[in-house]
file upload.txt (compact mmCIF, C-alpha atoms)
# COMPACT_ATOMS: atom_id res chain seq x y z
CA MET H 386 0.00 0.00 0.00
CA LYS H 387 1.21 3.52 -0.76
CA SER H 388 -0.30 5.08 2.35
CA SER H 389 -2.14 4.46 5.60
CA ARG H 390 -5.11 6.21 3.98
CA GLN H 391 -5.31 3.50 1.32
CA MET H 392 -5.13 0.81 3.99
CA GLU H 393 -8.00 2.43 5.84
CA ILE H 394 -10.01 2.54 2.60
CA VAL H 395 -9.43 -1.20 2.28
CA ASN H 396 -10.59 -1.71 5.86
CA MET H 397 -13.76 0.25 5.10
CA LEU H 398 -14.39 -1.89 2.03
CA GLU H 399 -13.96 -5.09 4.00
CA ARG H 400 -16.48 -3.83 6.54
CA ASP H 401 -19.04 -2.12 4.29
CA LYS H 402 -18.34 -3.74 0.87
CA VAL H 403 -18.81 -0.33 -0.85
CA VAL H 404 -17.39 3.18 -0.40
CA ASN H 405 -18.40 6.60 -1.74
CA THR H 406 -15.78 8.91 -3.25
CA ALA H 407 -17.20 12.15 -1.84
CA ALA H 408 -17.66 10.63 1.61
CA LEU H 409 -14.04 9.40 1.59
CA ALA H 410 -12.78 12.85 0.60
CA SER H 411 -14.70 14.37 3.50
CA HIS H 412 -13.58 11.67 5.95
CA PHE H 413 -9.88 12.09 5.13
CA ASN H 414 -10.11 15.85 4.51
CA VAL H 415 -8.52 15.55 1.08
CA SER H 416 -9.68 16.38 -2.44
CA ILE H 417 -11.88 14.11 -4.52
CA GLU H 418 -9.03 13.92 -7.04
CA THR H 419 -6.75 12.50 -4.34
CA ILE H 420 -9.32 9.84 -3.46
CA ARG H 421 -9.78 8.99 -7.12
CA ARG H 422 -6.04 8.41 -7.43
CA ASP H 423 -6.21 6.13 -4.38
CA LEU H 424 -9.07 4.17 -5.92
CA ASP H 425 -7.22 3.94 -9.24
CA TYR H 426 -4.19 2.50 -7.44
CA LEU H 427 -6.26 -0.01 -5.47
CA GLU H 428 -8.21 -1.07 -8.55
CA LYS H 429 -4.95 -1.62 -10.44
CA HIS H 430 -3.89 -3.99 -7.65
CA TYR H 431 -7.21 -5.90 -7.66
CA VAL H 432 -8.32 -4.70 -4.22
CA LEU H 433 -11.50 -2.97 -5.43
CA LYS H 434 -13.65 -2.32 -8.49
CA LYS H 435 -14.54 1.29 -9.22
CA THR H 436 -18.22 2.12 -9.62
CA TYR H 437 -20.13 5.32 -10.39
CA GLY H 438 -19.38 7.66 -7.47
CA GLY H 439 -17.31 5.15 -5.51
CA ALA H 440 -16.02 1.59 -5.42
CA GLU H 441 -16.88 -1.92 -4.27
CA LEU H 442 -14.72 -4.73 -2.88
CA PHE H 443 -13.12 -6.75 -5.67
CA VAL H 444 -14.19 -10.40 -5.71
CA ARG H 445 -12.33 -12.80 -7.94
CA GLU H 446 -14.39 -14.95 -10.26
CA PRO H 447 -14.17 -18.56 -9.02
CA ASP H 448 -12.89 -19.73 -12.43
CA SER H 449 -9.95 -17.28 -12.25
CA VAL H 450 -8.44 -19.07 -9.25
CA PRO H 451 -7.07 -22.60 -9.74
CA SER H 452 -9.14 -25.00 -7.66
CA LEU H 453 -7.60 -26.77 -4.71
CA VAL H 454 -7.95 -30.06 -6.59
CA THR H 455 -6.00 -28.59 -9.52
CA ARG H 456 -3.22 -27.35 -7.23
CA ASN H 457 -3.10 -30.65 -5.34
CA ASN H 458 -2.57 -32.48 -8.62
CA LYS H 459 0.48 -30.40 -9.52
CA TYR H 460 3.80 -31.90 -8.35
CA PRO H 461 2.25 -34.18 -5.68
CA GLU H 462 5.43 -36.23 -5.20
CA GLU H 463 7.52 -33.12 -4.70
CA LYS H 464 5.05 -31.61 -2.26
CA ASN H 465 4.80 -34.83 -0.27
CA ALA H 466 8.60 -35.14 -0.05
CA ILE H 467 8.90 -31.50 1.05
CA ALA H 468 6.15 -32.02 3.66
CA ALA H 469 7.81 -35.15 5.05
CA LEU H 470 11.09 -33.28 5.48
CA ALA H 471 9.32 -30.31 7.09
CA ALA H 472 7.57 -32.59 9.58
CA GLU H 473 10.94 -33.75 10.88
CA LEU H 474 11.68 -30.16 11.90
CA ILE H 475 8.43 -29.64 13.82
CA PRO H 476 8.58 -30.87 17.43
CA ASP H 477 5.74 -32.03 19.64
CA ASN H 478 4.34 -29.57 22.16
CA CYS H 479 4.72 -26.36 20.19
CA MET H 480 2.55 -23.57 18.83
CA LEU H 481 2.70 -23.16 15.09
CA ALA H 482 0.90 -21.13 12.47
CA LEU H 483 0.14 -22.66 9.09
CA ASP H 484 -0.30 -20.93 5.79
CA ALA H 485 -2.94 -22.02 3.27
CA GLY H 486 -2.30 -24.00 0.12
CA SER H 487 -1.69 -27.45 -1.29
CA THR H 488 1.89 -27.84 -0.03
CA ILE H 489 0.75 -27.08 3.51
CA GLY H 490 -2.12 -29.50 2.90
CA ALA H 491 0.45 -32.22 2.20
CA LEU H 492 2.01 -31.48 5.60
CA CYS H 493 -1.21 -31.96 7.59
CA PRO H 494 -1.21 -35.83 7.66
CA PHE H 495 2.31 -35.73 9.09
CA LEU H 496 1.25 -33.26 11.80
CA ASN H 497 -1.58 -35.59 12.81
CA LYS H 498 1.08 -38.05 13.98
CA LYS H 499 2.50 -35.53 16.47
CA ASN H 500 1.35 -34.76 19.99
CA ASP H 501 0.18 -31.67 21.84
CA LEU H 502 0.36 -29.15 19.02
CA SER H 503 -1.41 -25.80 19.10
CA ILE H 504 -2.06 -24.95 15.44
CA ILE H 505 -3.27 -21.63 14.04
CA CYS H 506 -4.92 -22.18 10.66
CA CYS H 507 -5.91 -19.63 8.05
CA ASP H 508 -7.40 -22.19 5.68
CA ILE H 509 -10.63 -24.15 6.26
CA PHE H 510 -9.52 -27.20 4.27
CA ASN H 511 -6.25 -27.71 6.13
CA ALA H 512 -7.99 -27.01 9.46
CA ALA H 513 -10.47 -29.79 8.69
CA GLN H 514 -7.59 -32.21 8.05
CA LEU H 515 -6.02 -31.38 11.41
CA LEU H 516 -9.01 -31.81 13.71
CA SER H 517 -8.09 -34.41 16.32
CA GLU H 518 -7.95 -34.95 20.06
CA LYS H 519 -4.14 -34.65 20.01
CA SER H 520 -4.00 -31.02 18.83
CA ARG H 521 -5.71 -27.70 19.50
CA ILE H 522 -6.83 -25.95 16.33
CA TYR H 523 -7.43 -22.19 16.14
CA MET H 524 -9.02 -20.51 13.12
CA MET H 525 -7.78 -17.05 12.20
CA GLY H 526 -11.23 -15.94 11.07
CA GLY H 527 -12.10 -12.91 8.98
CA PHE H 528 -13.23 -12.76 5.36
CA LEU H 529 -12.87 -16.03 3.41
CA THR H 530 -11.54 -15.97 -0.15
CA VAL H 531 -13.06 -18.24 -2.80
CA ASP H 532 -10.51 -20.94 -1.93
CA GLY H 533 -11.28 -20.85 1.79
CA THR H 534 -8.42 -18.68 3.07
CA SER H 535 -8.81 -16.10 5.84
CA SER H 536 -8.07 -12.49 5.03
CA GLY H 537 -9.13 -9.00 6.01
CA THR H 538 -9.28 -6.85 9.13
CA GLN H 539 -10.64 -9.45 11.56
CA ALA H 540 -7.93 -11.90 10.57
CA LYS H 541 -5.28 -9.22 11.16
CA GLU H 542 -6.74 -8.32 14.56
CA PHE H 543 -6.41 -11.96 15.60
CA PHE H 544 -2.66 -11.46 15.99
CA SER H 545 -3.09 -8.79 18.65
CA THR H 546 -4.75 -11.39 20.92
CA ILE H 547 -2.00 -14.04 20.97
CA ASN H 548 1.51 -14.46 22.31
CA ASP H 549 4.52 -15.19 20.14
CA ILE H 550 4.29 -18.20 17.82
CA ASP H 551 7.01 -20.85 18.00
CA LEU H 552 6.97 -21.66 14.30
CA PHE H 553 5.39 -20.37 11.09
CA VAL H 554 5.27 -22.81 8.16
CA PHE H 555 4.27 -21.15 4.92
CA SER H 556 4.27 -21.39 1.14
CA THR H 557 4.42 -18.80 -1.62
CA ASP H 558 3.07 -17.87 -5.05
CA GLY H 559 6.54 -17.27 -6.42
CA ILE H 560 10.19 -16.78 -5.59
CA ASN H 561 12.59 -14.32 -7.18
CA PRO H 562 16.13 -15.59 -6.49
CA GLN H 563 17.33 -11.98 -6.35
CA GLY H 564 14.25 -10.30 -4.87
CA GLY H 565 12.94 -12.84 -2.36
CA ILE H 566 9.54 -14.35 -1.58
CA THR H 567 6.42 -12.95 -3.28
CA ASN H 568 2.62 -13.28 -3.29
CA ASP H 569 -0.20 -12.24 -5.62
CA ASP H 570 -2.85 -11.20 -3.06
CA THR H 571 -2.22 -8.03 -1.04
CA LEU H 572 -4.49 -8.97 1.89
CA ILE H 573 -3.12 -12.49 2.27
CA ASN H 574 0.41 -11.16 1.83
CA ASP H 575 -0.18 -8.81 4.75
CA LEU H 576 -1.20 -11.76 6.95
CA LYS H 577 1.94 -13.66 5.98
CA LYS H 578 4.01 -10.66 7.05
CA ARG H 579 2.24 -10.55 10.41
CA CYS H 580 2.88 -14.26 10.95
CA ILE H 581 6.55 -13.79 10.10
CA LYS H 582 6.86 -10.91 12.55
CA LYS H 583 5.10 -12.84 15.32
CA SER H 584 7.00 -16.13 14.92
CA ARG H 585 10.32 -17.11 16.45
CA LYS H 586 11.16 -19.47 13.57
CA LYS H 587 10.06 -19.41 9.92
CA ILE H 588 10.05 -22.35 7.48
CA LEU H 589 9.19 -21.82 3.81
CA LEU H 590 7.99 -24.77 1.71
CA ALA H 591 8.42 -24.28 -2.05
CA ASP H 592 8.63 -26.80 -4.86
CA HIS H 593 10.88 -26.12 -7.85
CA SER H 594 8.09 -24.55 -9.95
CA LYS H 595 7.85 -21.59 -7.55
CA PHE H 596 11.24 -20.36 -8.72
CA ASN H 597 9.77 -19.85 -12.19
CA SER H 598 7.02 -17.54 -10.89
CA LYS H 599 6.98 -14.09 -9.36
CA GLY H 600 4.11 -12.62 -7.35
CA PHE H 601 3.23 -8.93 -7.46
CA TYR H 602 3.73 -8.24 -3.72
CA LYS H 603 6.90 -8.90 -1.79
CA THR H 604 6.46 -10.99 1.35
CA CYS H 605 10.00 -11.00 2.72
CA ASP H 606 13.67 -11.55 1.95
CA PHE H 607 15.45 -14.89 2.28
CA SER H 608 17.26 -13.47 5.31
CA ASP H 609 13.88 -13.11 7.06
CA ILE H 610 13.31 -16.87 7.10
CA ASP H 611 15.22 -19.59 8.88
CA ILE H 612 14.78 -22.58 6.58
CA LEU H 613 13.72 -23.06 2.96
CA ILE H 614 12.66 -26.58 2.01
CA THR H 615 12.49 -27.35 -1.70
CA ASP H 616 12.80 -30.43 -3.91
CA SER H 617 15.66 -31.79 -5.97
CA GLY H 618 14.16 -30.31 -9.14
CA THR H 619 15.34 -26.87 -8.07
CA SER H 620 18.49 -25.63 -9.78
CA LYS H 621 21.70 -26.12 -7.80
CA ASP H 622 22.74 -22.55 -8.67
CA ILE H 623 19.54 -21.21 -7.07
CA ILE H 624 20.00 -23.39 -4.00
CA ASP H 625 23.61 -22.21 -3.58
CA HIS H 626 22.50 -18.58 -3.93
CA VAL H 627 19.74 -18.91 -1.31
CA ARG H 628 22.13 -20.66 1.10
CA GLU H 629 24.00 -17.38 1.39
CA PHE H 630 21.00 -16.03 3.32
CA CYS H 631 19.30 -18.96 5.07
CA ARG H 632 19.43 -22.70 5.61
CA VAL H 633 18.19 -24.78 2.66
CA GLU H 634 17.00 -28.39 2.88
CA VAL H 635 16.44 -30.38 -0.31
CA ALA H 636 13.88 -33.19 -0.48
CA GLU H 637 14.98 -35.86 -2.95
CA VAL H 638 12.30 -36.95 -5.41

call {"tool": "encode", "arguments": {"input": "upload.txt", "output": "structure tokens"}}
result
Amino acid sequence: MKSSRQMEIVNMLERDKVVNTAALASHFNVSIETIRRDLDYLEKHYVLKKTYGGAELFVREPDSVPSLVTRNNKYPEEKNAIAALAAELIPDNCMLALDAGSTIGALCPFLNKKNDLSIICCDIFNAAQLLSEKSRIYMMGGFLTVDGTSSGTQAKEFFSTINDIDLFVFSTDGINPQGGITNDDTLINDLKKRCIKKSRKKILLADHSKFNSKGFYKTCDFSDIDILITDSGTSKDIIDHVREFCRVEVAEV
């Protein structure tokens, strides 16, 4: 976001679903032209859709987002190998936060074999996999995207109610070997940043295909995470480069 004003506009949209340009100008004590530039910026980044005299919250068409089944069917062996390796690094009796996504979904069966975990979930499908008497499951809440992921103001406020997290395990939409970890959704990206800030240890799970993609929003640098787990399909040159900033574990496939 370019400014705190734009973030507040997003918060208003999440709450009210629509905003009025003139009312925003009066609320922020700025010109209508300034608000229009804010709305143009937010529309460009798929946060809202401009309407006559205002804007409404942008909602992706379901067909524009790959289904969970589609994502699960991409590189299943690699994701399972990465998940198995990640599980070895997660001890019993800890509090961890889990990202959404198919790679994290592959991790859930391994977590069900552990004891006394407190797990914060931002994804309804992975949360459903983890329900058991051996673990305590917390949902982040807030607005749900079309693929069942928490986002929005209520999800962000969740973090002000909890203590530090032992471990954050997350995935990504894309990785730029020079620029770091990236994501395509601004609201979900903001939650990832909050999890990173709140967690003592950060583990990123990314199969080799992620290094061929680049999200619009930057999540963090490699130096902000502790461990990257990828598969043996990832270029050795990339692995050597990332090892200059953090620990890298390679799952053989």

call {"tool": "closest_residue", "arguments": {"input": "upload.txt", "among": "H:Ala410, H:Leu590, H:Ile566, H:Cys479", "to": "Asp609 of chain H", "atoms": "all atoms listed in the file"}}
result
H:Ile566

call {"tool": "closest_residue", "arguments": {"input": "upload.txt", "among": "H:Leu613, H:Ala540, H:Ile467, H:Ala407", "to": "Glu637 of chain H", "atoms": "only C-alpha atoms"}}
result
H:Ile467

call {"tool": "closest_residue", "arguments": {"input": "upload.txt", "among": "H:Tyr426, H:Phe413, H:Tyr460, H:Tyr437", "to": "Lys595 of chain H", "atoms": "all atoms listed in the file"}}
result
H:Tyr460

call {"tool": "closest_residue", "arguments": {"input": "upload.txt", "among": "H:Val403, H:Ser545, H:Ala472, H:Val415", "to": "Glu441 of chain H", "atoms": "all atoms listed in the file"}}
result
H:Val403

call {"tool": "residues_around", "arguments": {"input": "upload.txt", "residues": "segment 504-514 of chain H", "least_positions_apart": "4", "cutoff": "8 Å", "atoms": "all atoms listed in the file", "output": "PDB file with C-alpha atoms, in the coordinates of the input"}}
result
ATOM      1  CA  MET H 480       2.550 -23.570  18.830  1.00  0.00           C
ATOM      2  CA  LEU H 481       2.700 -23.160  15.090  1.00  0.00           C
ATOM      3  CA  ALA H 482       0.900 -21.130  12.470  1.00  0.00           C
ATOM      4  CA  LEU H 483       0.140 -22.660   9.090  1.00  0.00           C
ATOM      5  CA  ASP H 484      -0.300 -20.930   5.790  1.00  0.00           C
ATOM      6  CA  ALA H 485      -2.940 -22.020   3.270  1.00  0.00           C
ATOM      7  CA  GLY H 486      -2.300 -24.000   0.120  1.00  0.00           C
ATOM      8  CA  ILE H 489       0.750 -27.080   3.510  1.00  0.00           C
ATOM      9  CA  GLY H 490      -2.120 -29.500   2.900  1.00  0.00           C
ATOM     10  CA  CYS H 493      -1.210 -31.960   7.590  1.00  0.00           C
ATOM     11  CA  PRO H 494      -1.210 -35.830   7.660  1.00  0.00           C
ATOM     12  CA  SER H 520      -4.000 -31.020  18.830  1.00  0.00           C
ATOM     13  CA  ARG H 521      -5.710 -27.700  19.500  1.00  0.00           C
ATOM     14  CA  ILE H 522      -6.830 -25.950  16.330  1.00  0.00           C
ATOM     15  CA  TYR H 523      -7.430 -22.190  16.140  1.00  0.00           C
ATOM     16  CA  MET H 524      -9.020 -20.510  13.120  1.00  0.00           C
ATOM     17  CA  MET H 525      -7.780 -17.050  12.200  1.00  0.00           C
ATOM     18  CA  GLY H 526     -11.230 -15.940  11.070  1.00  0.00           C
ATOM     19  CA  GLY H 533     -11.280 -20.850   1.790  1.00  0.00           C
ATOM     20  CA  THR H 534      -8.420 -18.680   3.070  1.00  0.00           C
ATOM     21  CA  SER H 535      -8.810 -16.100   5.840  1.00  0.00           C
TER      22      SER H 535
END

call {"tool": "closest_residue", "arguments": {"input": "upload.txt", "among": "H:Lys586, H:Gly439, H:Ser487, H:Asn597", "to": "Cys631 of chain H", "atoms": "all atoms listed in the file"}}
result
H:Lys586

call {"tool": "atom_distance", "arguments": {"input": "upload.txt", "atom1": "atom CA of Pro476 of chain H", "atom2": "atom CA of Lys498 of chain H"}}
result
10.9 Å

call {"tool": "closest_residue", "arguments": {"input": "upload.txt", "among": "H:Phe543, H:Phe601, H:Phe553, H:Phe607", "to": "Ile475 of chain H", "atoms": "only C-alpha atoms"}}
result
H:Phe553

call {"tool": "atom_distance", "arguments": {"input": "upload.txt", "atom1": "atom CA of Asp401 of chain H", "atom2": "atom CA of Leu427 of chain H"}}
result
16.2 Å

call {"tool": "atom_distance", "arguments": {"input": "upload.txt", "atom1": "atom CA of Asn500 of chain H", "atom2": "atom CA of Glu473 of chain H"}}
result
13.3 Å

call {"tool": "residues_around", "arguments": {"input": "upload.txt", "residues": "Gln563 of chain H", "least_positions_apart": "4", "cutoff": "10 Å", "atoms": "all atoms listed in the file", "output": "tab-separated table (two decimals) with C-alpha atoms, in the coordinates of the input"}}
result
chain	number	residue	atom	x	y	z
H	606	ASP	CA	13.67	-11.55	1.95
H	607	PHE	CA	15.45	-14.89	2.28
H	623	ILE	CA	19.54	-21.21	-7.07
H	626	HIS	CA	22.50	-18.58	-3.93
H	627	VAL	CA	19.74	-18.91	-1.31

call {"tool": "axis_aligned_box", "arguments": {"input": "upload.txt", "around": "segment 540-556 of chain H", "padding_each_side": "8 Å", "output": "lines of an AutoDock Vina configuration file"}}
result
center_x = -0.5
center_y = -15.6
center_z = 11.7
size_x = 30.9
size_y = 30.5
size_z = 37.2

call {"tool": "residues_near_point", "arguments": {"input": "upload.txt", "point": "(0.7, -13.3, 0.5)", "cutoff": "8 Å", "atoms": "all atoms listed in the file", "output": "list of chain:residue names"}}
result
H:Thr557, H:Asp558, H:Thr567, H:Asn568, H:Asp569, H:Asp570, H:Thr571, H:Leu572, H:Ile573, H:Asn574, H:Asp575, H:Leu576, H:Lys577, H:Lys578, H:Tyr602, H:Lys603, H:Thr604

call {"tool": "decode", "arguments": {"input": "upload.txt", "residues": "segment 543-637 of chain H", "atoms": "C-alpha atoms", "output": "mmCIF file, in the first residue's frame"}}
result
data_model
loop_
_atom_site.group_PDB
_atom_site.id
_atom_site.type_symbol
_atom_site.label_atom_id
_atom_site.label_comp_id
_atom_site.auth_asym_id
_atom_site.auth_seq_id
_atom_site.Cartn_x
_atom_site.Cartn_y
_atom_site.Cartn_z
ATOM 1 C CA PHE H 543 -6.407 -11.960 15.601
ATOM 2 C CA PHE H 544 -2.663 -11.459 15.990
ATOM 3 C CA SER H 545 -3.086 -8.790 18.655
ATOM 4 C CA THR H 546 -4.746 -11.392 20.919
ATOM 5 C CA ILE H 547 -2.004 -14.045 20.966
ATOM 6 C CA ASN H 548 1.509 -14.464 22.305
ATOM 7 C CA ASP H 549 4.521 -15.189 20.141
ATOM 8 C CA ILE H 550 4.294 -18.199 17.823
ATOM 9 C CA ASP H 551 7.007 -20.855 17.996
ATOM 10 C CA LEU H 552 6.967 -21.662 14.300
ATOM 11 C CA PHE H 553 5.388 -20.374 11.092
ATOM 12 C CA VAL H 554 5.271 -22.806 8.156
ATOM 13 C CA PHE H 555 4.268 -21.151 4.923
ATOM 14 C CA SER H 556 4.266 -21.392 1.144
ATOM 15 C CA THR H 557 4.421 -18.800 -1.617
ATOM 16 C CA ASP H 558 3.071 -17.872 -5.047
ATOM 17 C CA GLY H 559 6.536 -17.272 -6.417
ATOM 18 C CA ILE H 560 10.187 -16.777 -5.586
ATOM 19 C CA ASN H 561 12.586 -14.317 -7.175
ATOM 20 C CA PRO H 562 16.127 -15.590 -6.486
ATOM 21 C CA GLN H 563 17.332 -11.979 -6.352
ATOM 22 C CA GLY H 564 14.247 -10.301 -4.872
ATOM 23 C CA GLY H 565 12.939 -12.838 -2.359
ATOM 24 C CA ILE H 566 9.544 -14.347 -1.579
ATOM 25 C CA THR H 567 6.424 -12.950 -3.277
ATOM 26 C CA ASN H 568 2.625 -13.283 -3.294
ATOM 27 C CA ASP H 569 -0.205 -12.240 -5.619
ATOM 28 C CA ASP H 570 -2.853 -11.196 -3.059
ATOM 29 C CA THR H 571 -2.223 -8.030 -1.038
ATOM 30 C CA LEU H 572 -4.490 -8.969 1.892
ATOM 31 C CA ILE H 573 -3.117 -12.493 2.266
ATOM 32 C CA ASN H 574 0.406 -11.160 1.829
ATOM 33 C CA ASP H 575 -0.183 -8.807 4.748
ATOM 34 C CA LEU H 576 -1.197 -11.758 6.947
ATOM 35 C CA LYS H 577 1.938 -13.663 5.982
ATOM 36 C CA LYS H 578 4.012 -10.658 7.048
ATOM 37 C CA ARG H 579 2.241 -10.549 10.407
ATOM 38 C CA CYS H 580 2.883 -14.262 10.948
ATOM 39 C CA ILE H 581 6.550 -13.789 10.095
ATOM 40 C CA LYS H 582 6.864 -10.908 12.555
ATOM 41 C CA LYS H 583 5.095 -12.836 15.324
ATOM 42 C CA SER H 584 7.005 -16.126 14.919
ATOM 43 C CA ARG H 585 10.319 -17.112 16.447
ATOM 44 C CA LYS H 586 11.164 -19.467 13.569
ATOM 45 C CA LYS H 587 10.057 -19.409 9.917
ATOM 46 C CA ILE H 588 10.048 -22.349 7.483
ATOM 47 C CA LEU H 589 9.187 -21.822 3.807
ATOM 48 C CA LEU H 590 7.994 -24.773 1.706
ATOM 49 C CA ALA H 591 8.423 -24.277 -2.054
ATOM 50 C CA ASP H 592 8.632 -26.795 -4.859
ATOM 51 C CA HIS H 593 10.880 -26.122 -7.852
ATOM 52 C CA SER H 594 8.089 -24.553 -9.952
ATOM 53 C CA LYS H 595 7.849 -21.591 -7.550
ATOM 54 C CA PHE H 596 11.241 -20.364 -8.724
ATOM 55 C CA ASN H 597 9.772 -19.847 -12.195
ATOM 56 C CA SER H 598 7.019 -17.545 -10.890
ATOM 57 C CA LYS H 599 6.980 -14.087 -9.363
ATOM 58 C CA GLY H 600 4.112 -12.618 -7.351
ATOM 59 C CA PHE H 601 3.227 -8.927 -7.460
ATOM 60 C CA TYR H 602 3.726 -8.245 -3.722
ATOM 61 C CA LYS H 603 6.904 -8.902 -1.789
ATOM 62 C CA THR H 604 6.463 -10.987 1.351
ATOM 63 C CA CYS H 605 10.001 -11.002 2.724
ATOM 64 C CA ASP H 606 13.668 -11.546 1.954
ATOM 65 C CA PHE H 607 15.453 -14.886 2.280
ATOM 66 C CA SER H 608 17.260 -13.470 5.308
ATOM 67 C CA ASP H 609 13.880 -13.112 7.057
ATOM 68 C CA ILE H 610 13.307 -16.872 7.096
ATOM 69 C CA ASP H 611 15.221 -19.588 8.877
ATOM 70 C CA ILE H 612 14.777 -22.583 6.579
ATOM 71 C CA LEU H 613 13.722 -23.063 2.965
ATOM 72 C CA ILE H 614 12.664 -26.584 2.012
ATOM 73 C CA THR H 615 12.494 -27.351 -1.699
ATOM 74 C CA ASP H 616 12.800 -30.430 -3.907
ATOM 75 C CA SER H 617 15.656 -31.791 -5.974
ATOM 76 C CA GLY H 618 14.159 -30.313 -9.144
ATOM 77 C CA THR H 619 15.336 -26.870 -8.067
ATOM 78 C CA SER H 620 18.492 -25.629 -9.779
ATOM 79 C CA LYS H 621 21.702 -26.118 -7.800
ATOM 80 C CA ASP H 622 22.740 -22.552 -8.665
ATOM 81 C CA ILE H 623 19.542 -21.211 -7.073
ATOM 82 C CA ILE H 624 20.002 -23.388 -3.996
ATOM 83 C CA ASP H 625 23.611 -22.209 -3.580
ATOM 84 C CA HIS H 626 22.495 -18.584 -3.930
ATOM 85 C CA VAL H 627 19.738 -18.908 -1.309
ATOM 86 C CA ARG H 628 22.129 -20.661 1.095
ATOM 87 C CA GLU H 629 24.003 -17.380 1.391
ATOM 88 C CA PHE H 630 20.999 -16.026 3.319
ATOM 89 C CA CYS H 631 19.303 -18.965 5.068
ATOM 90 C CA ARG H 632 19.434 -22.701 5.614
ATOM 91 C CA VAL H 633 18.190 -24.783 2.658
ATOM 92 C CA GLU H 634 16.999 -28.395 2.876
ATOM 93 C CA VAL H 635 16.439 -30.379 -0.311
ATOM 94 C CA ALA H 636 13.876 -33.189 -0.477
ATOM 95 C CA GLU H 637 14.975 -35.857 -2.945
#
